[in-house]
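For reference, input37.json (JSON, C-alpha atoms and all ligand atoms):
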```json
[["chain", "number", "residue", "atom", "x", "y", "z"],
["A", 69, "MET", "CA", 140.83, 69.48, 85.81],
["A", 70, "ALA", "CA", 141.33, 70.49, 82.17],
["A", 71, "ASN", "CA", 144.93, 71.09, 81.10],
["A", 72, "VAL", "CA", 145.96, 74.24, 79.24],
["A", 73, "GLU", "CA", 145.68, 72.55, 75.83],
["A", 74, "GLU", "CA", 141.99, 71.85, 76.54],
["A", 75, "GLN", "CA", 141.14, 75.41, 77.51],
["A", 76, "GLY", "CA", 140.12, 76.70, 74.09],
["A", 77, "GLY", "CA", 143.43, 75.73, 72.52],
["A", 78, "ALA", "CA", 145.55, 77.85, 74.87],
["A", 79, "LYS", "CA", 149.13, 76.66, 75.21],
["A", 80, "LEU", "CA", 151.94, 77.11, 77.69],
["A", 81, "VAL", "CA", 154.76, 78.85, 75.83],
["A", 82, "THR", "CA", 158.29, 79.64, 76.98],
["A", 83, "PHE", "CA", 159.39, 83.02, 75.64],
["A", 84, "GLN", "CA", 163.13, 83.82, 75.68],
["A", 85, "ILE", "CA", 163.17, 87.58, 75.61],
["A", 86, "ASN", "CA", 166.28, 89.71, 76.09],
["A", 87, "GLY", "CA", 167.92, 86.81, 77.95],
["A", 88, "ASP", "CA", 164.99, 86.24, 80.35],
["A", 89, "GLU", "CA", 162.50, 83.36, 80.27],
["A", 90, "HIS", "CA", 158.76, 84.02, 80.54],
["A", 91, "HIS", "CA", 156.32, 81.12, 80.85],
["A", 92, "LEU", "CA", 152.89, 82.23, 79.69],
["A", 93, "VAL", "CA", 149.63, 80.53, 78.77],
["A", 94, "VAL", "CA", 148.84, 81.95, 75.36],
["A", 95, "GLU", "CA", 145.63, 82.01, 73.34],
["A", 96, "PRO", "CA", 145.98, 80.75, 69.74],
["A", 97, "GLN", "CA", 145.09, 84.15, 68.27],
["A", 98, "GLU", "CA", 147.44, 86.25, 70.46],
["A", 99, "THR", "CA", 150.24, 87.86, 68.47],
["A", 100, "LEU", "CA", 153.80, 88.27, 69.67],
["A", 101, "ARG", "CA", 153.27, 92.05, 69.54],
["A", 102, "GLU", "CA", 150.32, 91.84, 71.95],
["A", 103, "ILE", "CA", 152.23, 89.56, 74.31],
["A", 104, "LEU", "CA", 155.35, 91.75, 74.36],
["A", 105, "GLN", "CA", 153.44, 95.00, 74.87],
["A", 106, "ASP", "CA", 150.40, 94.05, 76.88],
["A", 107, "ARG", "CA", 151.54, 91.07, 78.96],
["A", 108, "ILE", "CA", 155.30, 91.53, 79.40],
["A", 109, "GLY", "CA", 155.27, 95.33, 79.39],
["A", 110, "LEU", "CA", 157.87, 95.91, 76.69],
["A", 111, "THR", "CA", 156.35, 99.11, 75.36],
["A", 112, "GLY", "CA", 159.26, 99.87, 73.03],
["A", 113, "VAL", "CA", 157.52, 97.55, 70.56],
["A", 114, "LYS", "CA", 155.13, 99.86, 68.71],
["A", 115, "GLU", "CA", 151.90, 99.17, 66.90],
["A", 116, "MET", "CA", 151.13, 101.35, 63.90],
["A", 117, "CYS", "CA", 149.34, 99.26, 61.26],
["A", 118, "ASP", "CA", 148.92, 95.85, 62.98],
["A", 119, "ARG", "CA", 148.97, 94.22, 59.53],
["A", 120, "GLY", "CA", 152.61, 93.78, 58.56],
["A", 121, "ALA", "CA", 152.96, 96.98, 56.57],
["A", 122, "CYS", "CA", 154.97, 99.49, 58.65],
["A", 123, "GLY", "CA", 157.81, 97.82, 60.59],
["A", 124, "SER", "CA", 157.16, 99.66, 63.85],
["A", 125, "CYS", "CA", 156.61, 96.39, 65.73],
["A", 126, "THR", "CA", 159.88, 94.79, 64.56],
["A", 127, "VAL", "CA", 161.87, 92.58, 66.94],
["A", 128, "ILE", "CA", 164.75, 90.20, 66.32],
["A", 129, "MET", "CA", 163.90, 86.49, 66.51],
["A", 130, "ASP", "CA", 166.53, 83.82, 65.85],
["A", 131, "GLY", "CA", 168.85, 86.62, 64.67],
["A", 132, "ARG", "CA", 166.46, 87.96, 62.01],
["A", 133, "PRO", "CA", 164.17, 90.99, 62.06],
["A", 134, "VAL", "CA", 160.52, 89.91, 62.19],
["A", 135, "LEU", "CA", 157.19, 91.74, 62.39],
["A", 136, "SER", "CA", 155.78, 90.85, 65.79],
["A", 137, "CYS", "CA", 152.21, 91.74, 64.72],
["A", 138, "MET", "CA", 152.37, 88.97, 62.11],
["A", 139, "ILE", "CA", 153.68, 86.17, 64.38],
["A", 140, "LEU", "CA", 151.53, 84.21, 66.78],
["A", 141, "GLY", "CA", 152.79, 83.76, 70.32],
["A", 142, "ILE", "CA", 152.38, 80.00, 70.04],
["A", 143, "GLU", "CA", 155.01, 80.03, 67.24],
["A", 144, "CYS", "CA", 157.66, 81.54, 69.53],
["A", 145, "ASP", "CA", 158.26, 78.69, 71.97],
["A", 146, "GLY", "CA", 161.99, 78.57, 72.77],
["A", 147, "HIS", "CA", 163.06, 81.06, 70.09],
["A", 148, "PRO", "CA", 165.41, 83.81, 71.32],
["A", 149, "ILE", "CA", 163.85, 87.24, 70.90],
["A", 150, "GLU", "CA", 165.54, 90.63, 71.23],
["A", 151, "THR", "CA", 163.70, 93.95, 71.62],
["A", 152, "ILE", "CA", 164.73, 97.59, 71.68],
["A", 153, "GLU", "CA", 164.88, 97.45, 75.50],
["A", 154, "GLN", "CA", 167.87, 95.09, 75.24],
["A", 155, "LEU", "CA", 169.76, 97.51, 72.99],
["A", 156, "ASN", "CA", 169.02, 100.35, 75.37],
["A", 157, "SER", "CA", 170.23, 98.44, 78.43],
["A", 158, "GLN", "CA", 173.42, 97.47, 76.59],
["A", 159, "GLU", "CA", 174.00, 101.09, 75.43],
["A", 160, "HIS", "CA", 174.30, 99.85, 71.87],
["A", 161, "PRO", "CA", 176.00, 102.51, 69.65],
["A", 162, "LEU", "CA", 172.89, 102.71, 67.47],
["A", 163, "ILE", "CA", 171.00, 104.42, 70.32],
["A", 164, "GLN", "CA", 173.46, 107.32, 70.60],
["A", 165, "ALA", "CA", 173.96, 107.51, 66.83],
["A", 166, "TYR", "CA", 170.20, 107.91, 66.30],
["A", 167, "ALA", "CA", 170.12, 110.73, 68.86],
["A", 168, "ASP", "CA", 173.25, 112.46, 67.50],
["A", 169, "ASN", "CA", 171.94, 112.35, 63.93],
["A", 170, "HIS", "CA", 168.42, 113.52, 64.84],
["A", 171, "ALA", "CA", 167.04, 110.43, 63.13],
["A", 172, "MET", "CA", 163.61, 110.90, 64.71],
["A", 173, "GLN", "CA", 160.86, 113.46, 65.14],
["A", 174, "CYS", "CA", 157.84, 112.00, 66.96],
["A", 175, "GLY", "CA", 159.90, 108.85, 67.60],
["A", 176, "TYR", "CA", 157.07, 106.38, 67.16],
["A", 177, "CYS", "CA", 158.74, 104.47, 64.32],
["A", 178, "THR", "CA", 162.23, 104.69, 65.82],
["A", 179, "PRO", "CA", 162.41, 101.43, 67.82],
["A", 180, "GLY", "CA", 161.43, 99.47, 64.71],
["A", 181, "PHE", "CA", 164.14, 101.16, 62.63],
["A", 182, "VAL", "CA", 166.80, 100.71, 65.31],
["A", 183, "ILE", "CA", 166.13, 97.02, 65.91],
["A", 184, "THR", "CA", 166.08, 96.38, 62.14],
["A", 185, "ALA", "CA", 169.41, 98.21, 61.82],
["A", 186, "LYS", "CA", 170.81, 96.12, 64.70],
["A", 187, "ALA", "CA", 169.96, 92.91, 62.82],
["A", 188, "LEU", "CA", 171.71, 94.34, 59.75],
["A", 189, "LEU", "CA", 174.89, 95.26, 61.65],
["A", 190, "ASP", "CA", 174.96, 91.82, 63.30],
["A", 191, "ARG", "CA", 175.22, 90.14, 59.91],
["A", 192, "ASN", "CA", 176.99, 92.93, 57.98],
["A", 193, "PRO", "CA", 179.28, 95.14, 60.11],
["A", 194, "ASP", "CA", 180.26, 97.33, 57.14],
["A", 195, "PRO", "CA", 177.03, 98.06, 55.23],
["A", 196, "SER", "CA", 176.94, 100.31, 52.17],
["A", 197, "GLU", "CA", 174.30, 103.01, 51.80],
["A", 198, "GLU", "CA", 172.42, 100.64, 49.52],
["A", 199, "ASP", "CA", 172.63, 97.83, 52.09],
["A", 200, "ILE", "CA", 171.14, 100.11, 54.74],
["A", 201, "THR", "CA", 168.38, 101.38, 52.46],
["A", 202, "THR", "CA", 167.48, 97.82, 51.48],
["A", 203, "ALA", "CA", 167.48, 96.58, 55.10],
["A", 204, "LEU", "CA", 165.24, 99.45, 56.25],
["A", 205, "GLU", "CA", 162.89, 99.52, 53.26],
["A", 206, "GLY", "CA", 160.10, 97.75, 55.19],
["A", 207, "ASN", "CA", 160.05, 100.46, 57.87],
["A", 208, "ILE", "CA", 157.78, 103.47, 57.41],
["A", 209, "CYS", "CA", 158.30, 106.91, 59.00],
["A", 210, "ARG", "CA", 155.37, 109.29, 58.81],
["A", 211, "CYS", "CA", 157.67, 112.17, 59.78],
["A", 212, "GLY", "CA", 159.98, 111.59, 56.79],
["A", 213, "THR", "CA", 163.27, 111.08, 58.62],
["A", 214, "TYR", "CA", 164.64, 108.65, 56.02],
["A", 215, "PRO", "CA", 168.02, 110.28, 55.12],
["A", 216, "ALA", "CA", 169.07, 110.50, 58.77],
["A", 217, "HIS", "CA", 168.71, 106.75, 59.29],
["A", 218, "ILE", "CA", 171.55, 106.09, 56.84],
["A", 219, "TRP", "CA", 173.86, 108.53, 58.66],
["A", 220, "ALA", "CA", 172.99, 107.02, 62.05],
["A", 221, "VAL", "CA", 173.57, 103.42, 60.97],
["A", 222, "GLN", "CA", 176.87, 104.31, 59.29],
["A", 223, "GLU", "CA", 178.05, 106.12, 62.43],
["A", 224, "ALA", "CA", 177.10, 103.18, 64.67],
["A", 225, "ALA", "CA", 178.91, 100.80, 62.31],
["A", 226, "LYS", "CA", 182.08, 102.90, 62.65],
["A", 227, "LYS", "CA", 181.84, 102.90, 66.46],
["A", 228, "LEU", "CA", 181.31, 99.13, 66.56],
["A", 229, "LYS", "CA", 184.39, 98.57, 64.37],
["A", 230, "ALA", "CA", 186.61, 100.95, 66.40],
["A", 301, "LIG", "S1", 152.47, 97.18, 63.46],
["A", 301, "LIG", "FE1", 153.48, 95.42, 62.71],
["A", 301, "LIG", "S2", 154.11, 95.92, 60.71],
["A", 301, "LIG", "FE2", 152.94, 97.65, 61.38],
["A", 302, "LIG", "S1", 159.78, 109.89, 63.59],
["A", 302, "LIG", "FE1", 157.62, 110.10, 63.54],
["A", 302, "LIG", "S2", 156.92, 108.35, 62.45],
["A", 302, "LIG", "FE2", 159.06, 108.29, 62.27]]
```

As structure tokens, please, write out the structure in this file.
Ligand code: FES
Ligand code: FES
Amino acid sequence: MANVEEQGGAKLVTFQINGDEHHLVVEPQETLREILQDRIGLTGVKEMCDRGACGSCTVIMDGRPVLSCMILGIECDGHPIETIEQLNSQEHPLIQAYADNHAMQCGYCTPGFVITAKALLDRNPDPSEEDITTALEGNICRCGTYPAHIWAVQEAAKKLKA
């Protein structure tokens, strides 16, 4: 019987997502975004452009924000990954701060902004307005909610420090 490596290049990959392990046979062309959304059911990861230009599919991998539409699943073996679902289950202060500051309209871009902001606060608990703008500059919001993201991230930073 052919092993997984012989089946068109598919590989068995261990995904470490939000503290859980998932063992999946992955095709070489499958992106992390497709695997998270379509196979694991983490629908907080959004697809807008599918070409690395909007930030809506952002997740944290190895502590850094990455665009899951631009990473192949076979590159993720053993790397810890964090998605918006983890922040929600942990009641991270960013979630409430985004709601309190009305930092969303349709909400489609919001998970990408929030997870990018989480990576920023993990490495810089006291970001300036410029730090926040720079960290979020790869995220696009078609509804134009940009000013509110700065207020939300600053408020979450204050709550995390308190
Ligand atoms: S969907 Fe990945 S960057 Fe736009
Ligand atoms: S809130 Fe609609 S795209 Fe950002």

Exercise. Please write as a list in words the list of polymer residues whose atoms come within 6 Å of (165.9, 98.6, 69.9), counting only C-alpha atoms and keeping to the coordinates of the file.
Key: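 Selection result: Thr151, Ile152, Glu153, Leu155, Pro179, Val182 and Ile183 of chain A.
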
Quiz item: Taking all atoms listed in the file into account, which residues are within 9 Å of ligand LIG 301 (chain A), as a ChimeraX atom specification?
Solution: /A:101,113-126,134-138,206-208

Practice problem: Kindly indicate which residue among A:Phe181, A:Tyr176, A:Trp219, A:Phe83 lies nearest to ligand LIG 302 (chain A), using only C-alpha atoms and all ligand atoms for the distances. | Solution: A:Tyr176

Exercise. Write out as a PyMOL selection string which residues come within 12 Å of region 184-187 of chain A when counting all atoms listed in the file, dropping same-chain ones fewer than 2 positions away.
Key: chain A and resi 123-135+149-152+154-156+160-163+165-166+177-182+189-195+199-208+217-225+228

Practice problem: Go ahead and compute the interatomic distance for CA of Asp168 (chain A) and CA of Lys226 (chain A), in Å to one decimal. | Solution: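 CA of Lys226 (chain A) lies at a distance of 13.9 Å from CA of Asp168 (chain A).
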
Hey, could you make a per-residue contact list for chain A against ligand LIG 302 (chain A) with 6 Å as the cut-off, showing the nearest pair of atoms and its distance in Å to one decimal, counting only C-alpha atoms and all ligand atoms, sorted by chain and number, as JSON lines?
```
{"residue": "A:Met172", "atom": "CA", "partner": "A:LIG302", "partner_atom": "S1", "distance": 4.1}
{"residue": "A:Gln173", "atom": "CA", "partner": "A:LIG302", "partner_atom": "S1", "distance": 4.0}
{"residue": "A:Cys174", "atom": "CA", "partner": "A:LIG302", "partner_atom": "FE1", "distance": 3.9}
{"residue": "A:Gly175", "atom": "CA", "partner": "A:LIG302", "partner_atom": "S1", "distance": 4.1}
{"residue": "A:Tyr176", "atom": "CA", "partner": "A:LIG302", "partner_atom": "S2", "distance": 5.1}
{"residue": "A:Cys177", "atom": "CA", "partner": "A:LIG302", "partner_atom": "FE2", "distance": 4.3}
{"residue": "A:Thr178", "atom": "CA", "partner": "A:LIG302", "partner_atom": "FE2", "distance": 6.0}
{"residue": "A:Cys209", "atom": "CA", "partner": "A:LIG302", "partner_atom": "FE2", "distance": 3.6}
{"residue": "A:Arg210", "atom": "CA", "partner": "A:LIG302", "partner_atom": "S2", "distance": 4.1}
{"residue": "A:Cys211", "atom": "CA", "partner": "A:LIG302", "partner_atom": "FE1", "distance": 4.3}
```

Practice problem: Could you please determine the separation between CA of Leu80 (chain A) and CA of Glu98 (chain A) in Å, to one decimal place? | Solution: 12.5 Å

Exercise. Please measure the separation of CA of Val93 (chain A) and CA of Leu140 (chain A), giving the value in Å to one decimal.
Key: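 We find that CA of Val93 (chain A) and CA of Leu140 (chain A) lie 12.7 Å from each other.
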
Kindly provide, as JSON, the centre and edge lengths (Å, one decimal) of an axis-aligned box around all atoms of region 172-181 of chain A given in the file, with 8 Å on each side.
```
{"center_x": 160.6, "center_y": 106.5, "center_z": 65.2, "size_x": 23.1, "size_y": 30.0, "size_z": 21.2}
```
